[in-house]
Amino acid sequence: MRYLTARKRAEGKGASHTGTEHHWSMQVSAVGLALIVPTFLYIFGKALGSDYATVTETFSHPIPAIVTALVLVFGLKHFNRGFEMMAQDYLRGSRLKAAIMFMTAFTYGLAATGLFALAKLAL
Amino acid sequence: MARARLRERGPTNKGNTMAEKTKGVERPLSPHLQIWRFTIPMLTSILTRITGNALIVSTLLVVWWLIAAATSEAYFDLANGILTSWIGDIVMTLSLLGVWYHFLAGLRHLYYDAGKGLDIPTAEKLGWACLIGSVVLTVLTIVII
């Protein structure tokens with residue numbers, strides 16, 4: 001008689017050993033980004049090429065600042081996880097680990113830098 | 001290399017072992033990229049990865065532009081000048097095309113994930129929709145902004 005459930009025996013198996021968590025996180029961030037990216041393109045497109053006063057004025061309003069912050073944070077999260085998939089296809093072993101670590105640090109750093117700029121512009 | 005190492009093992013290995021036989025068999029390799037006929041689903045799938053990863057360039061530029069705006073007017077003028085120079089215009093326009101392409105291809109991916117549109121005629125039509133749609137949306141965006 002087996003006391004293990006079918007689910008318990010299946011967990012941790014498969015190529016990733018982590019189930020569909022990565023794929024699901026890509027789907028969630030994709031839907032979120034699909035909703036806000038068009039708005040961001042409009043805000044940023046209007047602001048790019050304007051003078052200093054207009055740009056600082058634009059990002060001091062809540063909606064442009066919040067939308068840009070969301071696109072940066074979730075866009076870079078989505079990017080990082082997508083890059084991970086590409087790295088897994090082309091790299092192995094230590095180089096794969098190093099690439100994922102480097103890109104995670106880089107994207108987090110970039111998102112933090114963008115948030116700092118937005119906070120400074122908004123406040 | 002492996003065959004040479006096998007032979008060095010000594011008198012027990014004279015090329016008649018299972019290992020030697022299996023190593024020596026010429027197996028057909030899977031068709032390489034150059035042999036495949038280029039198809040729309042294949043091209044559009046590759047483009048999704050290229051556009052997604054290439055967008056880091058414009059993200060970096062946008063964050064730099066924001067930091068410049070948050071720092072001083074002189075620094076902003078420098079960053080804004082580079083982003084709106086002819087080379088900046090090319091990078092930003094290609095990024096806009098890339099973001100719309102990745103947007104449409106991502107929606108197509110979600111549709112595929114729902115188990116729909118996977119037959120060849122539909123998949124090819126969806127591929128063309130991504131390619132043409134991204135150009136149309138890019139032109140529309142440039143007109144609007």
# chains A, B, ... in the order shown; residues from 1 in each chain; ligands from 1

$ closest_atom_pairs --of "chain B" --to "chain A" --cutoff "6 Å" --atoms "only C-alpha atoms" --output "CSV"
residue,atom,partner,partner_atom,distance
B:Val63,CA,A:Gly114,CA,5.2
B:Leu66,CA,A:Ala117,CA,5.8
B:Ile67,CA,A:Ala117,CA,4.8
B:Ala70,CA,A:Leu121,CA,5.4
B:Ile145,CA,A:Lys46,CA,5.3

$ select_by_dssp --residues "chain A" --states "helix (DSSP H, G or I)" --output "number ranges by chain"
A: 6-10, 21-47, 52-58, 62-90, 93-122

$ closest_residue --among "B:Gly115, B:Leu97, B:Ser134, B:Ala105" --to "B:Thr44" --atoms "only C-alpha atoms"
B:Ala105

$ closest_residue --among "B:Thr48, B:Ser85, B:Gln34, B:Asn80" --to "B:Trp100" --atoms "only C-alpha atoms"
B:Thr48

$ residues_around --residues "A:Ser25" --least-positions-apart "3" --cutoff "10 Å" --atoms "only C-alpha atoms" --output "PyMOL selection string"
chain A and resi 20-22+28-30+77-78+81

$ write_last_selection --atoms "N, CA and C atoms" --output "PDB file, in the first residue's frame"
ATOM      1  N   THR A  20       5.335  24.643 -13.048  1.00  0.00           N
ATOM      2  CA  THR A  20       5.031  25.664 -14.056  1.00  0.00           C
ATOM      3  C   THR A  20       5.139  27.073 -13.491  1.00  0.00           C
ATOM      4  N   GLU A  21       5.818  27.216 -12.361  1.00  0.00           N
ATOM      5  CA  GLU A  21       5.874  28.515 -11.684  1.00  0.00           C
ATOM      6  C   GLU A  21       6.460  29.614 -12.577  1.00  0.00           C
ATOM      7  N   HIS A  22       7.560  29.298 -13.290  1.00  0.00           N
ATOM      8  CA  HIS A  22       8.199  30.288 -14.160  1.00  0.00           C
ATOM      9  C   HIS A  22       7.253  30.713 -15.282  1.00  0.00           C
ATOM     10  N   VAL A  28       1.433  36.029 -16.074  1.00  0.00           N
ATOM     11  CA  VAL A  28       0.852  37.082 -15.235  1.00  0.00           C
ATOM     12  C   VAL A  28       1.470  38.437 -15.585  1.00  0.00           C
ATOM     13  N   SER A  29       2.810  38.494 -15.651  1.00  0.00           N
ATOM     14  CA  SER A  29       3.454  39.779 -15.946  1.00  0.00           C
ATOM     15  C   SER A  29       3.138  40.215 -17.375  1.00  0.00           C
ATOM     16  N   ALA A  30       2.967  39.257 -18.303  1.00  0.00           N
ATOM     17  CA  ALA A  30       2.634  39.614 -19.692  1.00  0.00           C
ATOM     18  C   ALA A  30       1.282  40.312 -19.757  1.00  0.00           C
ATOM     19  N   LYS A  77      11.244  42.852 -14.478  1.00  0.00           N
ATOM     20  CA  LYS A  77      11.052  41.519 -13.899  1.00  0.00           C
ATOM     21  C   LYS A  77      10.765  40.516 -15.032  1.00  0.00           C
ATOM     22  N   HIS A  78       9.855  40.903 -15.916  1.00  0.00           N
ATOM     23  CA  HIS A  78       9.492  40.080 -17.068  1.00  0.00           C
ATOM     24  C   HIS A  78      10.729  39.848 -17.953  1.00  0.00           C
ATOM     25  N   ARG A  81      13.202  37.337 -16.252  1.00  0.00           N
ATOM     26  CA  ARG A  81      12.761  35.941 -16.340  1.00  0.00           C
ATOM     27  C   ARG A  81      12.811  35.432 -17.776  1.00  0.00           C
TER      28      ARG A  81
END
